[in-house]
file model15.cif (mmCIF, C-alpha atoms)
data_input
#
loop_
_atom_site.label_atom_id
_atom_site.label_comp_id
_atom_site.auth_asym_id
_atom_site.auth_seq_id
_atom_site.Cartn_x
_atom_site.Cartn_y
_atom_site.Cartn_z
CA MET A 484 -17.73 4.97 4.72
CA ILE A 485 -17.59 4.19 8.45
CA ALA A 486 -16.21 6.34 11.25
CA LEU A 487 -15.21 5.01 14.66
CA LYS A 488 -15.41 8.13 16.80
CA GLY A 489 -14.34 9.05 20.30
CA GLY A 490 -12.29 6.03 21.35
CA LYS A 491 -8.84 5.63 22.82
CA ILE A 492 -6.85 4.48 19.81
CA LEU A 493 -3.82 2.27 20.38
CA THR A 494 -2.07 2.70 17.04
CA ILE A 495 0.84 0.46 18.19
CA THR A 496 3.39 2.24 15.99
CA LYS A 497 2.41 5.91 16.39
CA GLY A 498 1.38 6.23 20.00
CA VAL A 499 -2.02 6.59 21.65
CA ILE A 500 -4.75 8.94 20.44
CA GLU A 501 -7.30 9.91 23.08
CA GLY A 502 -10.77 10.60 21.75
CA GLY A 503 -9.70 9.88 18.21
CA THR A 504 -11.46 9.01 14.98
CA ILE A 505 -10.80 6.30 12.41
CA LEU A 506 -12.31 6.60 8.95
CA ILE A 507 -12.84 3.36 7.01
CA GLU A 508 -13.44 3.28 3.27
CA ASN A 509 -13.41 0.31 0.89
CA GLY A 510 -11.91 -1.97 3.54
CA LYS A 511 -8.98 0.35 4.28
CA ILE A 512 -8.14 2.92 6.93
CA LYS A 513 -8.68 6.22 5.13
CA ALA A 514 -7.63 8.46 8.02
CA VAL A 515 -6.85 8.33 11.74
CA GLY A 516 -6.32 11.16 14.18
CA LYS A 517 -7.71 13.49 16.82
CA ASP A 518 -9.73 15.92 14.71
CA ILE A 519 -10.61 14.07 11.53
CA PRO A 520 -13.44 15.64 9.46
CA ILE A 521 -16.26 13.15 8.95
CA PRO A 522 -17.89 13.40 5.50
CA SER A 523 -21.66 13.62 5.34
CA GLY A 524 -23.38 10.31 4.85
CA THR A 525 -20.76 8.45 6.88
CA GLU A 526 -21.98 5.76 9.26
CA VAL A 527 -20.70 6.94 12.64
CA ILE A 528 -20.10 4.41 15.40
CA ASP A 529 -19.61 6.05 18.78
CA VAL A 530 -16.81 4.28 20.65
CA THR A 531 -16.40 6.87 23.39
CA GLY A 532 -14.96 5.21 26.48
CA LYS A 533 -13.77 2.24 24.44
CA VAL A 534 -10.31 1.15 23.33
CA VAL A 535 -9.63 0.59 19.62
CA MET A 536 -6.59 -1.37 18.50
CA PRO A 537 -5.44 -3.23 15.39
CA GLY A 538 -6.60 -6.77 14.91
CA ILE A 539 -4.47 -9.39 16.63
CA VAL A 540 -2.22 -11.50 14.40
CA ASP A 541 -1.52 -15.15 15.24
CA PRO A 542 1.48 -16.32 13.19
CA HIS A 543 0.99 -20.04 13.91
CA THR A 544 -2.28 -21.97 13.99
CA HIS A 545 -3.87 -25.20 12.86
CA ALA A 546 -7.35 -23.68 12.77
CA GLY A 547 -9.25 -24.93 9.77
CA ILE A 548 -7.08 -28.02 9.28
CA SER A 549 -7.55 -29.48 12.77
CA MET A 550 -11.16 -28.91 13.72
CA GLU A 551 -11.36 -29.07 17.49
CA GLU A 552 -14.88 -30.47 17.92
CA VAL A 553 -15.09 -32.87 14.96
CA GLY A 554 -12.62 -35.66 15.71
CA TRP A 555 -10.63 -37.75 13.26
CA GLU A 556 -12.61 -36.56 10.24
CA GLY A 557 -11.54 -32.97 10.82
CA ARG A 558 -7.87 -33.59 11.60
CA ASP A 559 -5.92 -32.87 8.46
CA HIS A 560 -2.78 -31.26 9.88
CA ASN A 561 -0.39 -34.24 10.10
CA GLU A 562 0.35 -36.57 7.16
CA ILE A 563 1.93 -39.41 9.15
CA THR A 564 2.75 -41.67 6.21
CA ASP A 565 5.93 -40.00 4.96
CA PRO A 566 8.39 -37.90 7.01
CA VAL A 567 9.24 -35.63 4.08
CA THR A 568 6.22 -33.89 2.55
CA PRO A 569 7.20 -30.35 1.47
CA HIS A 570 4.62 -30.36 -1.32
CA LEU A 571 1.58 -30.56 0.97
CA ARG A 572 -0.42 -27.34 1.23
CA ALA A 573 -2.42 -26.34 4.29
CA LEU A 574 -4.59 -24.39 1.84
CA ASP A 575 -6.05 -27.64 0.50
CA ALA A 576 -7.41 -28.64 3.93
CA ILE A 577 -8.66 -25.36 5.41
CA LYS A 578 -12.33 -25.46 6.40
CA PRO A 579 -13.67 -21.90 6.85
CA GLU A 580 -16.51 -23.19 9.03
CA ASP A 581 -14.07 -24.30 11.76
CA HIS A 582 -15.12 -22.96 15.15
CA GLY A 583 -11.50 -21.91 15.66
CA PHE A 584 -11.97 -19.05 13.17
CA GLN A 585 -15.21 -17.99 14.82
CA GLU A 586 -13.59 -17.87 18.25
CA ALA A 587 -10.61 -16.02 16.79
CA ARG A 588 -12.96 -13.26 15.62
CA GLU A 589 -14.68 -13.15 19.00
CA TYR A 590 -11.36 -12.47 20.71
CA GLY A 591 -9.99 -10.01 18.20
CA ILE A 592 -7.74 -12.22 16.06
CA THR A 593 -8.11 -11.11 12.47
CA THR A 594 -5.18 -12.68 10.59
CA THR A 595 -3.38 -15.96 11.07
CA CYS A 596 -0.94 -18.31 9.37
CA VAL A 597 -2.33 -21.83 9.04
CA VAL A 598 0.47 -24.40 9.05
CA PRO A 599 0.79 -28.20 8.92
CA GLY A 600 1.52 -30.00 12.16
CA SER A 601 4.83 -31.19 13.54
CA ALA A 602 4.78 -34.92 12.80
CA ASN A 603 7.18 -34.62 9.86
CA PRO A 604 10.71 -33.17 9.73
CA ILE A 605 9.51 -31.42 6.57
CA GLY A 606 5.77 -31.07 6.79
CA GLY A 607 4.39 -28.77 4.12
CA LEU A 608 3.36 -25.25 3.19
CA GLY A 609 1.58 -22.67 5.30
CA ALA A 610 -1.07 -20.17 4.17
CA ILE A 611 -1.83 -16.72 5.58
CA VAL A 612 -5.57 -16.04 5.87
CA LYS A 613 -7.97 -13.55 7.34
CA CYS A 614 -10.23 -15.17 9.93
CA TYR A 615 -13.43 -14.59 7.98
CA GLY A 616 -14.84 -15.84 4.70
CA ASN A 617 -17.20 -18.31 3.13
CA THR A 618 -14.41 -19.97 1.14
CA VAL A 619 -10.70 -20.20 1.70
CA GLU A 620 -10.23 -18.15 -1.46
CA GLU A 621 -12.11 -15.28 0.23
CA MET A 622 -9.92 -15.59 3.31
CA LEU A 623 -6.57 -15.99 1.56
CA VAL A 624 -3.89 -13.31 1.91
CA LYS A 625 -0.74 -15.13 0.83
CA GLU A 626 0.16 -18.72 -0.14
CA PRO A 627 2.57 -20.34 0.02
CA PHE A 628 4.30 -18.37 2.76
CA CYS A 629 6.32 -20.79 4.85
CA LEU A 630 7.62 -24.36 4.90
CA LYS A 631 6.99 -26.19 8.16
CA MET A 632 9.89 -28.14 9.68
CA ALA A 633 9.86 -30.04 12.97
CA PHE A 634 12.66 -31.04 15.32
CA GLY A 635 12.70 -33.15 18.46
CA GLU A 636 10.12 -35.41 20.04
CA ASN A 637 7.21 -35.22 17.62
CA PRO A 638 8.83 -36.76 14.51
CA LYS A 639 10.69 -39.26 16.72
CA ASN A 640 7.45 -40.32 18.37
CA VAL A 641 5.43 -40.68 15.17
CA TYR A 642 8.02 -42.58 13.14
CA GLY A 643 10.56 -43.97 15.60
CA GLN A 644 8.21 -45.12 18.35
CA GLY A 645 5.08 -45.56 16.25
CA MET A 646 6.50 -47.20 13.11
CA LYS A 647 10.06 -48.24 14.04
CA LYS A 648 11.44 -46.34 11.07
CA ALA A 649 13.47 -43.19 10.50
CA PRO A 650 13.53 -40.73 12.07
CA TYR A 651 14.11 -42.72 15.24
CA THR A 652 16.61 -40.19 16.62
CA ARG A 653 17.30 -36.46 16.50
CA MET A 654 20.24 -37.33 14.26
CA ALA A 655 17.84 -38.81 11.73
CA VAL A 656 15.49 -35.82 11.90
CA ALA A 657 18.34 -33.48 10.98
CA GLY A 658 19.76 -36.05 8.56
CA LEU A 659 16.52 -36.30 6.57
CA ILE A 660 16.26 -32.54 6.29
CA ARG A 661 19.89 -32.30 5.22
CA GLU A 662 19.47 -35.16 2.73
CA TRP A 663 16.49 -33.55 1.01
CA LEU A 664 18.00 -30.08 0.94
CA THR A 665 21.11 -31.57 -0.67
CA LYS A 666 18.87 -33.26 -3.23
CA ALA A 667 17.28 -29.87 -3.86
CA GLN A 668 20.70 -28.28 -4.42
CA ASN A 669 21.59 -30.97 -6.95
CA TYR A 670 18.19 -30.64 -8.58
CA MET A 671 18.68 -26.90 -9.00
CA LYS A 672 22.02 -27.46 -10.74
CA LYS A 673 20.53 -30.02 -13.12
CA LYS A 674 17.59 -27.76 -13.80
CA GLU A 675 19.81 -24.79 -14.67
CA ALA A 676 21.97 -26.96 -16.91
CA ALA A 677 18.89 -28.32 -18.71
CA LYS A 678 17.56 -24.79 -19.32
CA LYS A 679 20.64 -24.06 -21.44
CA LYS A 680 19.85 -26.93 -23.80
CA PRO A 681 16.35 -26.79 -25.36
CA GLU A 682 16.27 -30.51 -26.11
CA GLU A 683 17.09 -31.37 -22.48
CA TRP A 684 14.75 -28.76 -21.02
CA GLU A 685 11.89 -30.14 -23.08
CA LYS A 686 12.39 -33.55 -21.44
CA PHE A 687 13.14 -32.25 -17.94
CA GLU A 688 10.79 -33.77 -15.36
CA LYS A 689 9.85 -31.53 -12.47
CA ASP A 690 9.90 -33.02 -8.97
CA ILE A 691 7.09 -31.52 -6.91
CA LYS A 692 8.92 -31.96 -3.59
CA LEU A 693 12.19 -30.54 -4.83
CA GLU A 694 10.44 -27.61 -6.49
CA VAL A 695 9.26 -26.51 -3.02
CA LEU A 696 12.67 -26.99 -1.45
CA GLU A 697 14.17 -24.95 -4.29
CA LYS A 698 11.89 -22.07 -3.27
CA LEU A 699 13.16 -22.37 0.30
CA LEU A 700 16.79 -22.29 -0.80
CA LYS A 701 16.06 -19.27 -2.98
CA LYS A 702 14.46 -17.55 0.03
CA GLU A 703 11.08 -17.42 -1.66
CA LEU A 704 9.77 -19.26 1.41
CA VAL A 705 10.71 -18.99 5.07
CA ALA A 706 11.22 -22.07 7.26
CA TYR A 707 8.91 -22.39 10.25
CA ALA A 708 11.10 -24.42 12.61
CA HIS A 709 9.17 -26.23 15.36
CA ALA A 710 11.71 -26.54 18.19
CA HIS A 711 11.23 -26.61 21.96
CA THR A 712 14.57 -27.49 23.51
CA SER A 713 17.69 -25.36 23.36
CA TYR A 714 19.58 -28.12 21.51
CA ASP A 715 16.82 -28.57 18.93
CA ILE A 716 16.79 -24.80 18.46
CA MET A 717 20.52 -24.85 17.78
CA THR A 718 20.11 -27.72 15.30
CA ALA A 719 17.46 -25.72 13.45
CA ILE A 720 19.84 -22.75 13.35
CA ARG A 721 22.74 -24.96 12.20
CA LEU A 722 20.76 -26.27 9.24
CA SER A 723 19.50 -22.83 8.23
CA GLU A 724 23.05 -21.50 8.24
CA GLU A 725 24.41 -24.52 6.39
CA PHE A 726 21.90 -24.16 3.56
CA GLY A 727 21.37 -20.40 3.73
CA TYR A 728 17.57 -20.20 4.10
CA ASP A 729 15.53 -17.87 6.30
CA MET A 730 13.95 -19.23 9.46
CA ILE A 731 11.43 -18.18 12.10
CA LEU A 732 11.58 -20.18 15.32
CA GLN A 733 8.29 -21.74 16.46
CA HIS A 734 7.27 -22.47 20.09
CA SER A 735 10.69 -21.43 21.41
CA THR A 736 10.12 -23.10 24.78
CA GLU A 737 13.78 -23.08 25.84
CA ALA A 738 14.77 -20.11 23.70
CA HIS A 739 15.56 -18.18 26.88
CA LEU A 740 18.50 -20.54 27.39
CA VAL A 741 20.03 -19.50 24.05
CA ALA A 742 18.66 -15.97 23.81
CA LYS A 743 22.04 -14.46 22.97
CA GLU A 744 22.49 -16.91 20.09
CA LEU A 745 19.15 -15.88 18.61
CA ALA A 746 19.81 -12.18 19.14
CA LYS A 747 23.18 -12.09 17.43
CA ARG A 748 21.71 -13.86 14.40
CA GLY A 749 18.56 -11.75 14.25
CA ILE A 750 16.33 -14.83 14.57
CA ARG A 751 12.68 -14.09 15.32
CA ALA A 752 10.79 -16.22 17.84
CA VAL A 753 7.15 -17.21 18.02
CA CYS A 754 6.51 -18.12 21.67
CA GLY A 755 3.81 -20.45 22.88
CA PRO A 756 1.65 -21.94 23.87
CA LEU A 757 2.82 -20.62 27.25
CA LEU A 758 0.00 -21.87 29.44
CA THR A 759 -0.30 -25.63 28.95
CA ALA A 760 0.88 -28.30 31.36
CA ARG A 761 4.38 -29.74 30.87
CA TYR A 762 2.90 -32.78 29.20
CA LYS A 763 6.10 -33.93 27.51
CA VAL A 764 9.80 -33.90 28.30
CA GLU A 765 10.55 -31.07 25.89
CA LEU A 766 8.43 -28.74 28.04
CA ARG A 767 10.15 -29.39 31.36
CA HIS A 768 11.94 -26.02 31.33
CA ARG A 769 8.94 -24.01 30.21
CA THR A 770 8.62 -20.63 31.88
CA PRO A 771 6.29 -17.68 31.22
CA GLN A 772 9.38 -15.48 31.54
CA THR A 773 10.69 -16.59 28.11
CA PRO A 774 9.14 -13.70 26.11
CA ALA A 775 10.55 -11.12 28.52
CA ILE A 776 13.99 -12.71 28.52
CA LEU A 777 14.03 -12.82 24.72
CA TYR A 778 12.87 -9.22 24.42
CA LYS A 779 15.55 -8.01 26.84
CA ALA A 780 18.17 -9.92 24.84
CA GLY A 781 17.10 -8.14 21.66
CA VAL A 782 15.00 -10.92 20.07
CA LYS A 783 11.78 -9.92 18.32
CA VAL A 784 8.88 -11.94 19.74
CA ALA A 785 5.32 -12.89 18.77
CA PHE A 786 2.78 -15.05 20.60
CA THR A 787 0.84 -18.15 19.58
CA VAL A 788 -1.50 -20.58 21.32
CA ASP A 789 -0.90 -23.28 18.68
CA HIS A 790 -4.63 -23.80 18.26
CA PRO A 791 -6.17 -26.34 18.92
CA VAL A 792 -3.57 -27.00 21.66
CA LEU A 793 -5.14 -23.97 23.35
CA PRO A 794 -8.16 -21.97 22.12
CA PRO A 795 -7.72 -18.56 20.46
CA LYS A 796 -9.12 -16.72 23.50
CA VAL A 797 -5.94 -17.55 25.41
CA LEU A 798 -3.73 -15.50 23.06
CA PRO A 799 -4.22 -12.09 24.78
CA ILE A 800 -3.96 -13.86 28.14
CA SER A 801 -0.50 -15.09 27.10
CA ALA A 802 0.54 -11.49 26.47
CA ALA A 803 -0.83 -10.38 29.84
CA VAL A 804 1.09 -13.15 31.60
CA ALA A 805 4.27 -12.14 29.78
CA VAL A 806 3.81 -8.59 31.11
CA ARG A 807 3.37 -9.93 34.62
CA GLU A 808 6.65 -11.80 34.16
CA GLY A 809 8.65 -8.75 33.07
CA MET A 810 7.83 -7.94 29.44
CA PRO A 811 6.98 -4.23 28.93
CA GLU A 812 3.30 -3.69 28.20
CA GLU A 813 4.02 -1.84 24.97
CA GLU A 814 6.19 -4.72 23.73
CA ALA A 815 3.56 -7.31 24.62
CA LEU A 816 1.04 -5.42 22.49
CA LYS A 817 3.55 -5.30 19.64
CA ALA A 818 4.02 -9.07 20.04
CA LEU A 819 0.27 -9.46 19.40
CA THR A 820 0.15 -7.13 16.41
CA ILE A 821 2.97 -5.48 14.49
CA ASN A 822 5.66 -8.07 15.29
CA PRO A 823 3.75 -11.07 13.89
CA ALA A 824 2.61 -8.88 11.00
CA GLU A 825 6.28 -8.26 10.23
CA PHE A 826 7.07 -11.97 10.62
CA LEU A 827 4.42 -12.67 7.96
CA GLY A 828 5.78 -9.96 5.68
CA LEU A 829 2.51 -8.02 6.04
CA ASP A 830 3.45 -5.09 8.30
CA HIS A 831 2.66 -2.79 5.37
CA ARG A 832 -0.97 -3.97 5.55
CA ILE A 833 -1.80 -5.07 9.10
CA GLY A 834 -0.55 -4.90 12.68
CA SER A 835 -1.05 -1.19 13.38
CA ILE A 836 -3.60 1.57 12.85
CA GLU A 837 -2.24 3.71 10.05
CA GLU A 838 -3.64 5.36 6.97
CA GLY A 839 -3.77 2.99 4.00
CA LYS A 840 -3.65 -0.24 6.00
CA ASP A 841 -6.38 -2.88 6.05
CA ALA A 842 -9.24 -1.91 8.34
CA ASP A 843 -8.71 -4.88 10.65
CA LEU A 844 -9.72 -3.40 14.00
CA ILE A 845 -11.10 -4.40 17.36
CA VAL A 846 -13.17 -2.32 19.77
CA MET A 847 -12.76 -3.28 23.42
CA THR A 848 -14.43 -2.23 26.65
CA GLY A 849 -11.02 -1.57 28.23
CA HIS A 850 -7.30 -2.16 27.89
CA PRO A 851 -6.61 -5.38 25.92
CA LEU A 852 -4.31 -6.76 28.63
CA ASP A 853 -6.81 -6.15 31.43
CA ILE A 854 -8.07 -9.65 30.88
CA MET A 855 -10.31 -9.79 33.96
CA ARG A 856 -12.46 -6.85 32.86
CA SER A 857 -11.98 -6.09 29.16
CA ARG A 858 -13.75 -7.85 26.33
CA VAL A 859 -14.05 -7.45 22.59
CA GLU A 860 -17.24 -5.65 21.55
CA MET A 861 -16.62 -5.46 17.81
CA THR A 862 -14.20 -6.99 15.34
CA PHE A 863 -13.64 -5.58 11.86
CA ILE A 864 -11.91 -7.44 9.04
CA ASN A 865 -11.32 -5.51 5.83
CA GLY A 866 -13.67 -2.82 7.13
CA LYS A 867 -16.55 -5.23 7.72
CA ILE A 868 -18.04 -5.99 11.13
CA VAL A 869 -17.47 -9.76 11.49
CA TYR A 870 -18.26 -9.98 15.19
CA GLU A 871 -20.43 -7.91 17.52
CA ALA A 872 -20.92 -8.85 21.16
CA LYS A 873 -24.46 -9.28 22.37
CA SER A 874 -25.49 -6.59 24.79
#
call {"tool": "encode", "arguments": {"input": "model15.cif", "output": "structure tokens"}}
result
Amino acid sequence: MIALKGGKILTITKGVIEGGTILIENGKIKAVGKDIPIPSGTEVIDVTGKVVMPGIVDPHTHAGISMEEVGWEGRDHNEITDPVTPHLRALDAIKPEDHGFQEAREYGITTTCVVPGSANPIGGLGAIVKCYGNTVEEMLVKEPFCLKMAFGENPKNVYGQGMKKAPYTRMAVAGLIREWLTKAQNYMKKKEAAKKKPEEWEKFEKDIKLEVLEKLLKKELVAYAHAHTSYDIMTAIRLSEEFGYDMILQHSTEAHLVAKELAKRGIRAVCGPLLTARYKVELRHRTPQTPAILYKAGVKVAFTVDHPVLPPKVLPISAAVAVREGMPEEEALKALTINPAEFLGLDHRIGSIEEGKDADLIVMTGHPLDIMRSRVEMTFINGKIVYEAKS
């Protein structure tokens, strides 16, 4: 058993505990509070004067499947040979040794969702992992979790400009998605009919692509919709409503322009990366005020740096910038922790410091949004110290 004693505990969901104690046992938070008895034999770590908060959750990364320092050999996030690849699994390409996971630990990120890139209108399946482990099996939390979709410039550029084939236009991007979801609807009907006749069911041939799309239509998966512009966002919404699947918006660059539309539908938005240059047309209306505008409109927000577009260390900086631009500090911390945990369907396990949750914790020298002075001293994943700053 381990006890973190004397720190300022930011529980996220149950307020702040000054001079509190967290007991860790078997990878879980056994107890948290002001006057927690510490059993004899417990390893006590004095964190007096420090800030303890839950591990940061990044709901959108390409860490492990797009190794930043390796080059072509390490880039496995975009299968640019077929615009419709729902059956691809990020899990099959994750490399635990990727420096992106190491840096994530160093800056307090403990859980992330690894997703395919945005070359394809339907790109493949995402996996939720902890940012530590010798094998992906050790890291894995949930798979498959989401189905990546992409709207706008990226599919057009890869196929239209690069190969002179569909999708050449935004119409074709939406059209391909609609075509394959319609195929999935028809497939589901044929499958159900075949199940009623043993002789037909015995001969029924499963289609690996349509099996995945069936899971989406049955809401066993959530769509991760890559969309920057307001009109691409609305197309993503239109398709989700037409076919009745769940969706979480990704990047959300112009989401502030349609904030009311998102709010009235209860659509959640992953914002970022916020701090790159406007290197393509879709980013021309980027503003660091987007998270604040969305929050004020009633949209639940989380942050991403879209690693390797930006390194993991920029994630808390994004939250600090959002606060500077009008987002309440408490909400920015939620957007780093409990909100993305909820997006991933894991708020019962991670995202806050509560009894029974995973002991994914970070110890900092100061407030996490005081980015000029505070740094991570220790990172715990499943109750194990996976990073400790050198003194």
call {"tool": "closest_atom_pairs", "arguments": {"input": "model15.cif", "of": "range 574-634 of chain A", "to": "range 647-671 of chain A", "cutoff": "9 Å", "atoms": "all atoms listed in the file", "output": "tab-separated table"}}
result
residue	atom	partner	partner_atom	distance
A:Asn603	CA	A:Val656	CA	8.6
A:Pro604	CA	A:Val656	CA	5.9
A:Ile605	CA	A:Ile660	CA	6.8
A:Met632	CA	A:Ile660	CA	8.5
A:Ala633	CA	A:Val656	CA	8.1
A:Phe634	CA	A:Val656	CA	6.5
call {"tool": "resolve_selection", "arguments": {"input": "model15.cif", "expression": "the PyMOL selection byres ((chain A and resi 536-545) around 8)", "output": "ChimeraX atom specification"}}
result
/A:492-495,534-535,546-549,560,591-600,733,753,785-791,819-821,823-824,826-827,833-836,843-846,862-864
call {"tool": "write_last_selection", "arguments": {"input": "model15.cif", "atoms": "C-alpha atoms", "output": "mmCIF file, keeping the file's coordinate frame"}}
result
data_model
loop_
_atom_site.group_PDB
_atom_site.id
_atom_site.type_symbol
_atom_site.label_atom_id
_atom_site.label_comp_id
_atom_site.auth_asym_id
_atom_site.auth_seq_id
_atom_site.Cartn_x
_atom_site.Cartn_y
_atom_site.Cartn_z
ATOM 1 C CA ILE A 492 -6.850 4.480 19.810
ATOM 2 C CA LEU A 493 -3.820 2.270 20.380
ATOM 3 C CA THR A 494 -2.070 2.700 17.040
ATOM 4 C CA ILE A 495 0.840 0.460 18.190
ATOM 5 C CA VAL A 534 -10.310 1.150 23.330
ATOM 6 C CA VAL A 535 -9.630 0.590 19.620
ATOM 7 C CA ALA A 546 -7.350 -23.680 12.770
ATOM 8 C CA GLY A 547 -9.250 -24.930 9.770
ATOM 9 C CA ILE A 548 -7.080 -28.020 9.280
ATOM 10 C CA SER A 549 -7.550 -29.480 12.770
ATOM 11 C CA HIS A 560 -2.780 -31.260 9.880
ATOM 12 C CA GLY A 591 -9.990 -10.010 18.200
ATOM 13 C CA ILE A 592 -7.740 -12.220 16.060
ATOM 14 C CA THR A 593 -8.110 -11.110 12.470
ATOM 15 C CA THR A 594 -5.180 -12.680 10.590
ATOM 16 C CA THR A 595 -3.380 -15.960 11.070
ATOM 17 C CA CYS A 596 -0.940 -18.310 9.370
ATOM 18 C CA VAL A 597 -2.330 -21.830 9.040
ATOM 19 C CA VAL A 598 0.470 -24.400 9.050
ATOM 20 C CA PRO A 599 0.790 -28.200 8.920
ATOM 21 C CA GLY A 600 1.520 -30.000 12.160
ATOM 22 C CA GLN A 733 8.290 -21.740 16.460
ATOM 23 C CA VAL A 753 7.150 -17.210 18.020
ATOM 24 C CA ALA A 785 5.320 -12.890 18.770
ATOM 25 C CA PHE A 786 2.780 -15.050 20.600
ATOM 26 C CA THR A 787 0.840 -18.150 19.580
ATOM 27 C CA VAL A 788 -1.500 -20.580 21.320
ATOM 28 C CA ASP A 789 -0.900 -23.280 18.680
ATOM 29 C CA HIS A 790 -4.630 -23.800 18.260
ATOM 30 C CA PRO A 791 -6.170 -26.340 18.920
ATOM 31 C CA LEU A 819 0.270 -9.460 19.400
ATOM 32 C CA THR A 820 0.150 -7.130 16.410
ATOM 33 C CA ILE A 821 2.970 -5.480 14.490
ATOM 34 C CA PRO A 823 3.750 -11.070 13.890
ATOM 35 C CA ALA A 824 2.610 -8.880 11.000
ATOM 36 C CA PHE A 826 7.070 -11.970 10.620
ATOM 37 C CA LEU A 827 4.420 -12.670 7.960
ATOM 38 C CA ILE A 833 -1.800 -5.070 9.100
ATOM 39 C CA GLY A 834 -0.550 -4.900 12.680
ATOM 40 C CA SER A 835 -1.050 -1.190 13.380
ATOM 41 C CA ILE A 836 -3.600 1.570 12.850
ATOM 42 C CA ASP A 843 -8.710 -4.880 10.650
ATOM 43 C CA LEU A 844 -9.720 -3.400 14.000
ATOM 44 C CA ILE A 845 -11.100 -4.400 17.360
ATOM 45 C CA VAL A 846 -13.170 -2.320 19.770
ATOM 46 C CA THR A 862 -14.200 -6.990 15.340
ATOM 47 C CA PHE A 863 -13.640 -5.580 11.860
ATOM 48 C CA ILE A 864 -11.910 -7.440 9.040
#
call {"tool": "closest_residue", "arguments": {"input": "model15.cif", "among": "A:Gly866, A:Glu556, A:Tyr615, A:Ala872", "to": "Leu487 in chain A", "atoms": "all atoms listed in the file"}}
result
A:Gly866
call {"tool": "resolve_selection", "arguments": {"input": "model15.cif", "expression": "the PyMOL selection byres ((chain A and resi 715-729) around 8)", "output": "list in words"}}
result
Phe634, Gly635, Ala657, Arg661, Leu664, Leu699, Leu700, Lys701, Lys702, Leu704, Val705, Ala706, Ala708, Ala710, His711, Thr712, Ser713, Tyr714, Met730, Ile731, Leu732, Ser735 and Ala738 of chain A
call {"tool": "resolve_selection", "arguments": {"input": "model15.cif", "expression": "the PyMOL selection byres ((chain A and resi 526-532) around 8)", "output": "JSON list (two decimals) with C-alpha atoms, in the frame of the given file"}}
result
[["chain", "number", "residue", "atom", "x", "y", "z"],
["A", 484, "MET", "CA", -17.73, 4.97, 4.72],
["A", 485, "ILE", "CA", -17.59, 4.19, 8.45],
["A", 486, "ALA", "CA", -16.21, 6.34, 11.25],
["A", 487, "LEU", "CA", -15.21, 5.01, 14.66],
["A", 488, "LYS", "CA", -15.41, 8.13, 16.80],
["A", 489, "GLY", "CA", -14.34, 9.05, 20.30],
["A", 490, "GLY", "CA", -12.29, 6.03, 21.35],
["A", 491, "LYS", "CA", -8.84, 5.63, 22.82],
["A", 502, "GLY", "CA", -10.77, 10.60, 21.75],
["A", 524, "GLY", "CA", -23.38, 10.31, 4.85],
["A", 525, "THR", "CA", -20.76, 8.45, 6.88],
["A", 533, "LYS", "CA", -13.77, 2.24, 24.44],
["A", 534, "VAL", "CA", -10.31, 1.15, 23.33],
["A", 846, "VAL", "CA", -13.17, -2.32, 19.77],
["A", 848, "THR", "CA", -14.43, -2.23, 26.65]]
call {"tool": "closest_residue", "arguments": {"input": "model15.cif", "among": "A:Ala803, A:Leu816, A:Leu630, A:Val553", "to": "Asp853 in chain A", "atoms": "only C-alpha atoms"}}
result
A:Ala803
call {"tool": "closest_residue", "arguments": {"input": "model15.cif", "among": "A:Lys840, A:Met861, A:Glu688, A:Lys873", "to": "Ala514 in chain A", "atoms": "all atoms listed in the file"}}
result
A:Lys840
call {"tool": "atom_distance", "arguments": {"input": "model15.cif", "atom1": "CA of Glu508 in chain A", "atom2": "CA of Phe584 in chain A"}}
result
24.5 Å
call {"tool": "closest_residue", "arguments": {"input": "model15.cif", "among": "A:Val782, A:Ala775, A:Ile577, A:Val641", "to": "Glu620 in chain A", "atoms": "only C-alpha atoms"}}
result
A:Ile577
call {"tool": "atom_distance", "arguments": {"input": "model15.cif", "atom1": "CA of Gly616 in chain A", "atom2": "CA of Trp555 in chain A"}}
result
23.9 Å
call {"tool": "atom_distance", "arguments": {"input": "model15.cif", "atom1": "CA of Leu793 in chain A", "atom2": "CA of Arg767 in chain A"}}
result
18.1 Å
call {"tool": "closest_residue", "arguments": {"input": "model15.cif", "among": "A:Ala780, A:Ala760, A:Met622, A:Ala602", "to": "His709 in chain A", "atoms": "only C-alpha atoms"}}
result
A:Ala602
call {"tool": "decode", "arguments": {"input": "model15.cif", "residues": "range 749-762 of chain A", "atoms": "C-alpha atoms", "output": "JSON list (two decimals), in the first residue's frame"}}
result
[["chain", "number", "residue", "atom", "x", "y", "z"],
["A", 749, "GLY", "CA", -25.83, 17.31, -26.85],
["A", 750, "ILE", "CA", -22.80, 16.77, -29.12],
["A", 751, "ARG", "CA", -19.46, 16.59, -27.33],
["A", 752, "ALA", "CA", -16.42, 18.34, -28.78],
["A", 753, "VAL", "CA", -12.74, 17.47, -28.64],
["A", 754, "CYS", "CA", -10.89, 20.74, -29.32],
["A", 755, "GLY", "CA", -7.40, 20.99, -30.73],
["A", 756, "PRO", "CA", -4.73, 21.25, -31.50],
["A", 757, "LEU", "CA", -5.24, 24.92, -30.60],
["A", 758, "LEU", "CA", -1.69, 26.17, -30.95],
["A", 759, "THR", "CA", -0.47, 25.31, -34.44],
["A", 760, "ALA", "CA", -0.11, 27.72, -37.34],
["A", 761, "ARG", "CA", -3.04, 28.05, -39.77],
["A", 762, "TYR", "CA", -1.27, 25.80, -42.22]]
